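**Q** My structure file target.csv, CSV, C-alpha atoms and all ligand atoms, is below:
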```csv
chain,number,residue,atom,x,y,z
U,116,MET,CA,77.5,148.5,61.0
U,117,ARG,CA,77.8,152.2,60.3
U,118,ILE,CA,80.1,153.8,62.8
U,119,ALA,CA,77.8,156.8,63.0
U,120,GLU,CA,75.1,154.4,64.3
U,121,LEU,CA,77.6,153.1,67.0
U,122,TYR,CA,78.1,156.7,68.2
U,123,ALA,CA,74.3,157.2,68.3
U,124,ARG,CA,73.9,154.4,70.8
U,125,PRO,CA,73.8,155.2,74.5
U,126,GLY,CA,77.1,155.0,76.3
U,127,LEU,CA,80.7,155.5,75.4
U,128,THR,CA,82.1,154.4,72.1
U,129,ILE,CA,85.6,153.1,72.5
U,130,SER,CA,87.8,152.5,69.4
U,131,PHE,CA,91.4,151.3,68.8
U,132,GLU,CA,93.6,152.3,65.9
U,133,PHE,CA,96.2,149.9,64.4
U,134,PHE,CA,98.7,150.1,61.6
U,135,PRO,CA,99.2,147.2,59.2
U,136,PRO,CA,102.3,145.3,60.4
U,137,LYS,CA,105.3,145.1,58.0
U,138,SER,CA,105.9,141.3,58.2
U,139,ASP,CA,103.7,138.3,58.1
U,140,GLU,CA,105.0,137.2,61.5
U,141,ALA,CA,104.0,140.5,63.1
U,142,GLU,CA,100.6,140.2,61.4
U,143,THR,CA,100.2,136.7,63.0
U,144,VAL,CA,101.0,138.1,66.4
U,145,LEU,CA,98.5,140.9,65.9
U,146,PHE,CA,95.7,138.5,64.9
U,147,THR,CA,96.4,135.8,67.4
U,148,GLY,CA,97.6,137.8,70.4
U,149,THR,CA,97.1,141.6,70.5
U,150,LEU,CA,93.7,141.9,68.7
U,151,PRO,CA,91.9,139.2,70.6
U,152,ALA,CA,93.3,140.7,73.8
U,153,LEU,CA,92.1,144.2,72.8
U,154,LYS,CA,88.7,142.8,71.8
U,155,ARG,CA,88.2,141.6,75.4
U,156,LEU,CA,88.4,145.3,76.4
U,157,GLY,CA,85.1,145.7,74.5
U,158,PRO,CA,85.8,148.3,71.8
U,159,SER,CA,82.8,149.3,69.6
U,160,PHE,CA,85.1,149.3,66.5
U,161,VAL,CA,88.7,149.4,65.5
U,162,SER,CA,90.4,151.2,62.6
U,163,VAL,CA,93.4,150.4,60.4
U,164,THR,CA,95.7,153.1,59.1
U,165,TYR,CA,96.8,153.7,55.5
U,166,GLY,CA,100.5,153.8,55.0
U,167,ALA,CA,102.4,156.9,53.6
U,168,GLY,CA,102.1,157.1,49.9
U,169,GLY,CA,99.3,154.5,49.8
U,170,SER,CA,102.0,151.9,50.6
U,171,THR,CA,99.7,149.7,52.6
U,172,ARG,CA,96.6,150.0,50.4
U,173,ASP,CA,96.1,146.2,50.0
U,174,LYS,CA,97.1,145.4,53.5
U,175,THR,CA,94.8,148.0,55.0
U,176,LEU,CA,91.7,146.7,53.2
U,177,ARG,CA,92.7,143.0,53.7
U,178,MET,CA,93.2,143.6,57.5
U,179,VAL,CA,89.9,145.4,57.9
U,180,GLU,CA,88.2,142.5,56.1
U,181,ARG,CA,90.0,139.9,58.3
U,182,ILE,CA,89.1,141.8,61.5
U,183,ARG,CA,85.5,141.9,60.5
U,184,THR,CA,85.2,138.3,59.5
U,185,GLU,CA,87.6,136.5,61.8
U,186,LEU,CA,87.1,138.5,65.0
U,187,ALA,CA,83.6,139.7,64.3
U,188,LEU,CA,84.6,143.2,65.2
U,189,GLU,CA,83.5,146.3,63.3
U,190,ALA,CA,86.5,147.8,61.5
U,191,MET,CA,87.1,151.0,59.5
U,192,ALA,CA,89.7,151.5,56.7
U,193,HIS,CA,91.7,154.8,56.6
U,194,VAL,CA,92.2,156.0,53.0
U,195,THR,CA,94.4,158.9,51.9
U,196,CYS,CA,94.6,160.9,48.6
U,197,VAL,CA,98.4,160.5,48.4
U,198,GLY,CA,99.4,159.4,44.9
U,199,ALA,CA,95.9,158.5,43.9
U,200,SER,CA,94.1,159.7,40.8
U,201,ARG,CA,90.4,159.6,40.7
U,202,GLU,CA,90.7,156.3,38.7
U,203,THR,CA,92.9,154.8,41.4
U,204,MET,CA,90.7,156.0,44.2
U,205,THR,CA,87.7,154.4,42.4
U,206,GLU,CA,89.6,151.1,42.3
U,207,ILE,CA,90.4,151.4,46.0
U,208,LEU,CA,86.9,152.2,47.0
U,209,ASP,CA,85.4,149.5,44.7
U,210,GLU,CA,87.8,147.0,46.4
U,211,ALA,CA,86.7,148.2,49.9
U,212,ARG,CA,83.1,147.7,48.8
U,213,ARG,CA,83.8,144.3,47.4
U,214,ARG,CA,85.3,143.3,50.7
U,215,LEU,CA,82.1,144.5,52.4
U,216,ILE,CA,83.9,147.3,54.3
U,217,GLY,CA,81.3,149.9,55.3
U,218,ASN,CA,83.3,152.6,57.0
U,219,ILE,CA,86.0,154.8,55.6
U,220,LEU,CA,88.1,157.5,57.4
U,221,ALA,CA,88.8,159.9,54.5
U,222,LEU,CA,92.1,161.7,54.7
U,223,ARG,CA,94.3,163.8,52.6
U,224,GLY,CA,97.5,162.2,53.9
U,225,ASP,CA,100.9,163.8,54.6
U,226,PRO,CA,103.3,165.0,51.9
U,227,PRO,CA,105.7,162.1,51.1
U,228,ARG,CA,109.1,162.1,52.9
U,229,GLY,CA,111.3,164.8,51.4
U,230,GLN,CA,108.5,167.0,50.3
U,231,THR,CA,107.4,170.0,52.3
U,232,HIS,CA,104.1,170.6,50.5
U,233,PHE,CA,101.3,168.2,49.6
U,234,LEU,CA,101.1,167.9,45.8
U,235,PRO,CA,98.0,166.1,44.6
U,236,ALA,CA,98.4,163.3,42.1
U,237,ALA,CA,97.4,164.1,38.5
U,238,ASP,CA,93.6,164.0,38.5
U,239,GLY,CA,93.7,163.4,42.2
U,240,PHE,CA,92.5,165.3,45.3
U,241,ALA,CA,94.1,168.3,46.9
U,242,TYR,CA,92.1,168.1,50.2
U,243,ALA,CA,90.2,165.5,52.2
U,244,VAL,CA,87.0,167.5,51.6
U,245,ASP,CA,87.3,166.7,47.8
U,246,LEU,CA,87.7,163.0,48.6
U,247,ILE,CA,84.7,163.1,50.9
U,248,ARG,CA,82.6,164.7,48.2
U,249,PHE,CA,83.8,162.1,45.7
U,250,ILE,CA,82.9,159.2,48.0
U,251,LYS,CA,79.6,160.7,49.0
U,252,GLU,CA,78.5,161.1,45.4
U,253,ARG,CA,79.3,157.5,44.4
U,254,TYR,CA,79.2,155.2,47.4
U,255,SER,CA,77.2,154.5,50.5
U,256,PHE,CA,80.2,154.2,53.0
U,257,CYS,CA,79.8,155.9,56.3
U,258,ILE,CA,82.6,158.5,56.2
U,259,GLY,CA,84.7,159.9,59.0
U,260,ALA,CA,87.3,162.7,58.9
U,261,ALA,CA,90.1,164.1,60.9
U,262,CYS,CA,90.1,167.2,63.1
U,263,TYR,CA,92.9,169.1,64.9
U,264,PRO,CA,92.5,170.5,68.4
U,265,GLU,CA,95.6,172.8,67.9
U,266,GLY,CA,94.9,173.4,64.2
U,267,HIS,CA,96.5,171.4,61.4
U,268,VAL,CA,100.3,171.9,61.3
U,269,GLU,CA,100.2,173.4,57.8
U,270,CYS,CA,97.5,175.9,58.6
U,271,PRO,CA,98.6,179.3,60.1
U,272,ASP,CA,95.3,180.0,61.7
U,273,LYS,CA,93.5,177.2,63.8
U,274,THR,CA,90.1,178.7,63.4
U,275,LEU,CA,90.6,178.7,59.6
U,276,ASP,CA,91.5,175.0,59.8
U,277,TRP,CA,88.4,174.4,61.9
U,278,ASP,CA,86.3,176.1,59.3
U,279,ARG,CA,87.7,173.6,56.8
U,280,THR,CA,86.9,170.8,59.3
U,281,ALA,CA,83.3,172.1,59.3
U,282,ALA,CA,83.4,171.9,55.5
U,283,LYS,CA,84.3,168.2,55.7
U,284,VAL,CA,81.2,167.6,57.7
U,285,GLU,CA,79.1,169.7,55.3
U,286,ALA,CA,80.5,167.5,52.5
U,287,GLY,CA,79.4,164.3,54.2
U,288,ALA,CA,81.7,163.3,57.1
U,289,GLU,CA,79.4,161.8,59.8
U,290,PHE,CA,81.9,161.9,62.6
U,291,LEU,CA,85.3,163.5,63.4
U,292,ILE,CA,88.3,161.9,65.1
U,293,SER,CA,91.0,164.2,66.5
U,294,GLN,CA,94.7,164.3,66.2
U,295,LEU,CA,96.6,163.6,69.5
U,296,PHE,CA,96.8,166.4,72.1
U,297,TYR,CA,97.6,166.5,75.8
U,298,ASP,CA,95.9,169.7,76.9
U,299,VAL,CA,92.1,169.1,77.3
U,300,GLN,CA,91.4,172.8,76.8
U,301,ASP,CA,92.6,172.6,73.1
U,302,PHE,CA,90.0,169.9,72.4
U,303,LEU,CA,87.2,171.7,74.2
U,304,THR,CA,88.0,175.0,72.5
U,305,MET,CA,87.9,173.3,69.1
U,306,ARG,CA,84.7,171.5,69.9
U,307,SER,CA,82.9,174.6,71.0
U,308,TYR,CA,84.0,176.4,67.9
U,309,LEU,CA,82.7,173.6,65.7
U,310,HIS,CA,79.4,173.5,67.6
U,311,LYS,CA,79.0,177.2,67.1
U,312,ARG,CA,79.7,176.6,63.4
U,313,GLY,CA,76.7,174.2,63.4
U,314,VAL,CA,78.7,171.0,63.4
U,315,ASN,CA,76.6,168.4,65.2
U,316,VAL,CA,78.3,165.1,64.4
U,317,PRO,CA,80.3,163.2,67.1
U,318,ILE,CA,83.7,164.8,67.8
U,319,VAL,CA,85.9,162.2,69.2
U,320,PRO,CA,89.3,162.7,70.9
U,321,GLY,CA,92.3,160.7,69.7
U,322,ILE,CA,94.4,159.5,72.6
U,323,LEU,CA,98.1,158.5,72.2
U,324,PRO,CA,99.5,156.7,75.3
U,325,PHE,CA,103.2,157.4,74.6
U,326,LEU,CA,105.8,154.6,74.6
U,327,SER,CA,109.1,156.3,74.8
U,328,ALA,CA,110.6,159.8,74.9
U,329,GLU,CA,112.0,159.6,71.4
U,330,GLN,CA,108.7,158.4,70.0
U,331,ILE,CA,106.5,161.2,71.5
U,332,ARG,CA,109.0,163.9,70.6
U,333,ARG,CA,108.9,162.6,67.0
U,334,PHE,CA,105.1,162.3,66.8
U,335,THR,CA,104.5,165.7,68.3
U,336,ALA,CA,107.1,167.4,66.0
U,337,LEU,CA,105.5,165.7,63.0
U,338,CYS,CA,101.9,166.8,63.7
U,339,GLY,CA,102.8,170.1,65.4
U,340,ALA,CA,101.1,169.2,68.7
U,341,LYS,CA,102.5,170.7,71.9
U,342,LEU,CA,103.4,169.0,75.1
U,343,PRO,CA,102.2,171.0,78.2
U,344,PRO,CA,105.1,172.0,80.5
U,345,SER,CA,104.2,169.4,83.1
U,346,VAL,CA,104.1,166.6,80.5
U,347,GLN,CA,107.3,167.8,78.9
U,348,ALA,CA,109.0,167.9,82.3
U,349,GLY,CA,107.9,164.3,83.2
U,350,ILE,CA,109.1,163.0,79.8
U,351,GLU,CA,112.5,164.6,80.3
U,352,ARG,CA,112.7,163.3,83.8
U,353,TYR,CA,112.2,159.7,82.7
U,354,ALA,CA,113.7,160.0,79.2
U,355,HIS,CA,116.5,157.5,79.9
U,356,ASP,CA,114.0,154.7,80.6
U,357,ASP,CA,111.3,153.8,78.1
U,358,GLU,CA,109.3,151.8,80.7
U,359,SER,CA,109.1,154.8,83.1
U,360,VAL,CA,108.0,157.0,80.2
U,361,ARG,CA,105.3,154.5,79.2
U,362,LEU,CA,104.0,154.4,82.8
U,363,PHE,CA,104.0,158.2,82.9
U,364,GLY,CA,102.1,158.1,79.6
U,365,ILE,CA,99.4,156.0,81.3
U,366,GLU,CA,99.2,158.5,84.1
U,367,VAL,CA,98.9,161.5,81.7
U,368,CYS,CA,96.4,159.8,79.4
U,369,THR,CA,94.2,158.6,82.3
U,370,ARG,CA,94.0,162.2,83.6
U,371,LEU,CA,93.3,163.5,80.1
U,372,CYS,CA,90.5,160.9,79.5
U,373,GLN,CA,89.0,161.7,82.9
U,374,GLU,CA,88.7,165.3,81.9
U,375,LEU,CA,87.3,164.4,78.5
U,376,LEU,CA,84.7,162.1,80.0
U,377,ALA,CA,83.7,164.8,82.5
U,378,ALA,CA,83.2,167.1,79.4
U,379,GLY,CA,80.8,164.5,77.9
U,380,VAL,CA,82.8,163.2,74.9
U,381,PRO,CA,80.9,160.5,72.9
U,382,GLY,CA,83.9,158.2,72.7
U,383,LEU,CA,87.6,157.7,73.1
U,384,HIS,CA,89.8,156.7,70.1
U,385,PHE,CA,93.0,155.2,71.2
U,386,TYR,CA,96.1,155.2,69.0
U,387,CYS,CA,97.2,151.9,70.4
U,388,LEU,CA,100.2,151.4,68.0
U,389,ASN,CA,99.5,147.7,67.9
U,390,ARG,CA,100.1,147.4,71.7
U,391,TYR,CA,97.9,146.2,74.5
U,392,PRO,CA,99.2,147.1,78.0
U,393,SER,CA,98.9,150.9,78.2
U,394,VAL,CA,95.4,151.0,76.7
U,395,ALA,CA,94.2,148.2,79.0
U,396,GLN,CA,95.6,150.0,82.1
U,397,ILE,CA,94.1,153.3,81.1
U,398,MET,CA,90.7,151.7,80.5
U,399,TYR,CA,91.0,150.0,83.9
U,400,ASN,CA,92.0,153.2,85.6
U,401,LEU,CA,88.9,154.9,84.1
U,402,GLY,CA,86.6,152.1,85.3
U,403,LEU,CA,85.8,151.1,81.8
U,404,VAL,CA,87.2,147.6,82.4
U,405,ALA,CA,86.0,146.1,85.6
U,406,ASP,CA,88.0,142.9,85.4
U,407,GLY,CA,91.5,143.2,86.7
U,408,ALA,CA,92.3,139.9,85.1
U,409,LEU,CA,92.4,141.7,81.8
U,410,LEU,CA,95.4,143.8,82.9
U,411,PRO,CA,98.7,143.1,81.2
U,412,GLY,CA,100.4,141.4,84.1
U,413,HIS,CA,97.5,138.9,84.2
U,414,THR,CA,97.4,137.9,80.6
U,415,ALA,CA,99.5,136.1,78.0
U,416,TYR,CA,99.8,139.4,76.1
U,417,GLY,CA,101.5,141.5,78.8
U,418,THR,CA,104.3,142.5,76.6
U,419,GLY,CA,102.0,143.6,73.8
B,501,LIG,P1,92.7,168.1,55.1
B,501,LIG,O1,91.4,168.2,55.9
B,501,LIG,O2,92.6,168.1,53.6
B,501,LIG,O3,93.6,169.3,55.6
B,501,LIG,C1,95.0,169.4,55.2
B,501,LIG,C2,95.4,170.9,55.2
B,501,LIG,O4,94.8,171.5,54.1
B,501,LIG,C3,95.0,171.6,56.5
B,501,LIG,O5,96.1,172.5,56.8
B,501,LIG,C4,93.8,172.4,56.1
B,501,LIG,O6,93.6,173.6,56.9
B,501,LIG,C5,94.1,172.7,54.6
B,501,LIG,N1,92.8,172.8,53.8
B,501,LIG,C6,91.8,172.0,53.8
B,501,LIG,N2,90.8,172.4,52.9
B,501,LIG,C7,91.4,173.5,52.3
B,501,LIG,C8,91.0,174.3,51.2
B,501,LIG,N3,89.8,174.2,50.6
B,501,LIG,N4,91.8,175.3,50.8
B,501,LIG,C9,93.0,175.5,51.4
B,501,LIG,N5,93.5,174.7,52.4
B,501,LIG,C10,92.7,173.7,52.8
B,501,LIG,N6,97.8,159.8,57.6
B,501,LIG,C11,98.0,158.7,56.8
B,501,LIG,O7,98.9,158.8,55.9
B,501,LIG,N7,97.4,157.5,57.0
B,501,LIG,C12,96.5,157.4,58.0
B,501,LIG,O8,95.9,156.3,58.1
B,501,LIG,C13,96.1,158.5,58.8
B,501,LIG,N8,95.2,158.4,59.8
B,501,LIG,C14,94.9,159.5,60.6
B,501,LIG,C15,93.9,159.4,61.5
B,501,LIG,C16,93.5,160.5,62.3
B,501,LIG,C17,92.4,160.3,63.3
B,501,LIG,C18,94.2,161.7,62.1
B,501,LIG,C19,93.8,162.9,62.9
B,501,LIG,C20,95.2,161.8,61.2
B,501,LIG,C21,95.5,160.7,60.4
B,501,LIG,N9,96.5,160.8,59.4
B,501,LIG,C22,96.8,159.7,58.6
B,501,LIG,C23,97.3,162.1,59.2
B,501,LIG,C24,96.7,163.0,58.1
B,501,LIG,O9,96.7,162.4,56.8
B,501,LIG,C25,97.5,164.3,58.1
B,501,LIG,O10,97.3,165.0,59.3
B,501,LIG,C26,97.3,165.2,56.9
B,501,LIG,O11,98.4,166.1,56.9
B,501,LIG,C27,96.0,165.9,56.8
B,501,LIG,O12,95.0,165.1,56.5
B,501,LIG,P2,93.4,165.7,56.6
B,501,LIG,O13,92.6,164.6,56.1
B,501,LIG,O14,93.2,166.3,57.9
B,501,LIG,O15,93.6,166.9,55.5
```
How would this structure read if it were set down as structure tokens?
**A**
Amino acid sequence: MRIAELYARPGLTISFEFFPPKSDEAETVLFTGTLPALKRLGPSFVSVTYGAGGSTRDKTLRMVERIRTELALEAMAHVTCVGASRETMTEILDEARRRLIGNILALRGDPPRGQTHFLPAADGFAYAVDLIRFIKERYSFCIGAACYPEGHVECPDKTLDWDRTAAKVEAGAEFLISQLFYDVQDFLTMRSYLHKRGVNVPIVPGILPFLSAEQIRRFTALCGAKLPPSVQAGIERYAHDDESVRLFGIEVCTRLCQELLAAGVPGLHFYCLNRYPSVAQIMYNLGLVADGALLPGHTAYGTG
């Protein structure tokens, strides 16, 4: 089903994001443990990331196909422009179509490690908007794109970045999923700017329940997102103990989601990092999962 149609349905659209595991063993755990457990939380769809430099290209498409056929769950493939000429991109998209994948999150991707600036491949795409146009002209995929509540890290002016986000919608993106953020006001300011620019597709917040102090410091440094002082202070307070940081992450993300739901967002997209416990607890705290038996302590998947 087209994801735009899922967002058009009444009610909240919950989605979970995964990355393709490196080993076959980890993939087995994902398919036999984590994914079935997460499916019981009732997501409308899941999405599978595309590794840096296109490194997981085959795995991403294969995982999306497996999730759709084996778990009967709608799944979206992320695709980036990194290292891909138009010819390569055509092969990737043809392959996605052959596997009956109907939804693509079209991204530019980050510069490969060691490079400070994004350099398009020969005969490739410089920006996500170019990839979106390319897909729109040739395929019937439902296309999503990324948006950045604090502006994209490479763009000196966040409103300029949001104008470019609007251009992605004008080019054919049918929904937007945001980068992680921890201050609800950043998301709401971006959303009202985009609405004023005439963007009327679903704008969905991306939520990252953090797992450790080291991880959240690394992620926010990479994408340029800030940690509000109270969140920063909590992380530093518990920094010596990953489990305390994880529990603090549940508290922070529950509050953030409550504020977002009060502001009428159409859905929540969880960066679940192939883990179950934090997302399950946040959904329970929000009243989105009624059954306490689905909480980590009550399942075989408690350690995610
Ligand atoms: P763009 O929209 O192309 O923007 C990139 C930069 O170019 C911005 O600074 C923008 O302001 C600027 N820009 C855009 N258009 C123009 C123009 N016409 N002229 C000048 N400047 C312009 N990365 C992965 O590698 N794999 C993934 O699976 C993945 N999944 C993601 C999922 C989500 C929900 C999000 C939010 C991000 C994801 N990313 C992923 C990260 C993403 O690839 C990076 O943030 C990347 O740096 C930007 O991608 P984009 O599609 O937003 O690029």
**Q** From the options U:Arg228, U:Arg370, U:His384, U:Arg214, which residue's atoms come nearest to ligand LIG 501 (chain B), counting all atoms listed in the file?
**A**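 Of U:Arg228, U:Arg370, U:His384, U:Arg214, the one nearest ligand LIG 501 (chain B) is U:His384, counting all atoms listed in the file.
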**Q** Can you work out which one of U:Pro235, U:Pro381, U:Pro411, U:Pro392 has the shortest atom-to-atom distance to Pro125 of chain U, counting all atoms listed in the file?
**A**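 Between U:Pro235, U:Pro381, U:Pro411, U:Pro392, the residue approaching Pro125 of chain U most closely is U:Pro381.
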**Q** Within 6 Å of ligand LIG 501 (chain B), counting all atoms listed in the file: which residues, as a CSV table (one decimal) with C-alpha atoms, in the frame of the given file?
**A**
```
chain,number,residue,atom,x,y,z
U,164,THR,CA,95.7,153.1,59.1
U,165,TYR,CA,96.8,153.7,55.5
U,166,GLY,CA,100.5,153.8,55.0
U,167,ALA,CA,102.4,156.9,53.6
U,193,HIS,CA,91.7,154.8,56.6
U,222,LEU,CA,92.1,161.7,54.7
U,223,ARG,CA,94.3,163.8,52.6
U,224,GLY,CA,97.5,162.2,53.9
U,225,ASP,CA,100.9,163.8,54.6
U,242,TYR,CA,92.1,168.1,50.2
U,243,ALA,CA,90.2,165.5,52.2
U,244,VAL,CA,87.0,167.5,51.6
U,261,ALA,CA,90.1,164.1,60.9
U,262,CYS,CA,90.1,167.2,63.1
U,267,HIS,CA,96.5,171.4,61.4
U,269,GLU,CA,100.2,173.4,57.8
U,270,CYS,CA,97.5,175.9,58.6
U,276,ASP,CA,91.5,175.0,59.8
U,279,ARG,CA,87.7,173.6,56.8
U,292,ILE,CA,88.3,161.9,65.1
U,293,SER,CA,91.0,164.2,66.5
U,294,GLN,CA,94.7,164.3,66.2
```
**Q** Can you pull out the residues contacting Leu291 of chain U? Cut-off 8 Å, using only C-alpha atoms, and skip same-chain residues under 5 positions away; I want them as a count of residues only.
**A** 8
**Q** Between U:Leu156, U:Leu215, U:Ile365, U:Ile247, which residue has the minimum interatomic distance to Gly407 of chain U, considering all atoms listed in the file?
**A** U:Leu156
**Q** My list of candidates is U:Met305, U:Met398, U:Ile250, U:Leu188. Which is closest to Ala221 of chain U when distances are computed with all atoms listed in the file?
**A**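 Under the stated criterion, the closest residue is U:Ile250.
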**Q** So which residues touch Thr335 of chain U within 10 Å, counting only C-alpha atoms, skipping near sequence neighbours fewer than 6 positions away, as a PDB file with C-alpha atoms, in the coordinates of the input?
**A**
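part_25.pdb, written as the output of this step:
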```
ATOM      1  CA  LEU U 295      96.600 163.600  69.500  1.00  0.00           C
ATOM      2  CA  PHE U 296      96.800 166.400  72.100  1.00  0.00           C
ATOM      3  CA  LYS U 341     102.500 170.700  71.900  1.00  0.00           C
ATOM      4  CA  LEU U 342     103.400 169.000  75.100  1.00  0.00           C
TER       5      LEU U 342
END
```
**Q** Please compute the atom CA of Ala119 of chain U-atom CA of Arg253 of chain U distance, one decimal, in Å.
**A**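 Distance between the two atoms: 18.7 Å.
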**Q** Reconstruct all heavy atoms of segment 235-243 of chain U; output as a compact mmCIF listing (two decimals), in the frame of the given file.
**A**
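Result written to out-v2.txt:
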```txt
# COMPACT_ATOMS: atom_id res chain seq x y z
N PRO U 235 98.90 167.16 45.01
CA PRO U 235 98.00 166.10 44.60
C PRO U 235 98.44 165.35 43.41
O PRO U 235 99.18 165.90 42.58
CB PRO U 235 96.68 166.90 44.30
CG PRO U 235 97.08 168.33 44.17
CD PRO U 235 98.37 168.52 44.88
N ALA U 236 98.06 164.09 43.30
CA ALA U 236 98.40 163.30 42.10
C ALA U 236 97.65 163.90 40.92
O ALA U 236 96.65 164.60 41.09
CB ALA U 236 97.94 161.86 42.34
N ALA U 237 98.14 163.59 39.71
CA ALA U 237 97.40 164.10 38.50
C ALA U 237 96.01 163.51 38.57
O ALA U 237 95.81 162.33 38.83
CB ALA U 237 98.16 163.55 37.27
N ASP U 238 95.06 164.39 38.35
CA ASP U 238 93.60 164.00 38.50
C ASP U 238 93.29 163.44 39.83
O ASP U 238 92.40 162.60 39.94
CB ASP U 238 93.22 163.06 37.33
CG ASP U 238 91.70 162.99 37.21
OD1 ASP U 238 91.04 164.02 37.45
OD2 ASP U 238 91.17 161.90 36.96
N GLY U 239 94.01 163.92 40.85
CA GLY U 239 93.70 163.40 42.20
C GLY U 239 93.05 164.52 43.03
O GLY U 239 92.47 165.47 42.49
N PHE U 240 93.18 164.40 44.35
CA PHE U 240 92.50 165.30 45.30
C PHE U 240 93.48 166.14 46.07
O PHE U 240 94.44 165.60 46.59
CB PHE U 240 91.61 164.51 46.23
CG PHE U 240 90.66 163.57 45.55
CD1 PHE U 240 91.00 162.24 45.34
CD2 PHE U 240 89.43 164.02 45.10
CE1 PHE U 240 90.14 161.37 44.70
CE2 PHE U 240 88.56 163.16 44.45
CZ PHE U 240 88.91 161.84 44.25
N ALA U 241 93.20 167.43 46.19
CA ALA U 241 94.10 168.30 46.90
C ALA U 241 93.80 168.29 48.43
O ALA U 241 94.68 168.52 49.26
CB ALA U 241 93.99 169.74 46.40
N TYR U 242 92.54 168.05 48.78
CA TYR U 242 92.10 168.10 50.20
C TYR U 242 91.17 166.96 50.49
O TYR U 242 90.45 166.48 49.61
CB TYR U 242 91.42 169.44 50.47
CG TYR U 242 92.27 170.63 50.15
CD1 TYR U 242 91.98 171.45 49.06
CD2 TYR U 242 93.39 170.93 50.92
CE1 TYR U 242 92.78 172.55 48.74
CE2 TYR U 242 94.20 172.01 50.61
CZ TYR U 242 93.89 172.81 49.53
OH TYR U 242 94.70 173.87 49.22
N ALA U 243 91.12 166.62 51.79
CA ALA U 243 90.20 165.50 52.20
C ALA U 243 88.77 165.86 51.82
O ALA U 243 88.00 164.96 51.46
CB ALA U 243 90.33 165.34 53.72
```
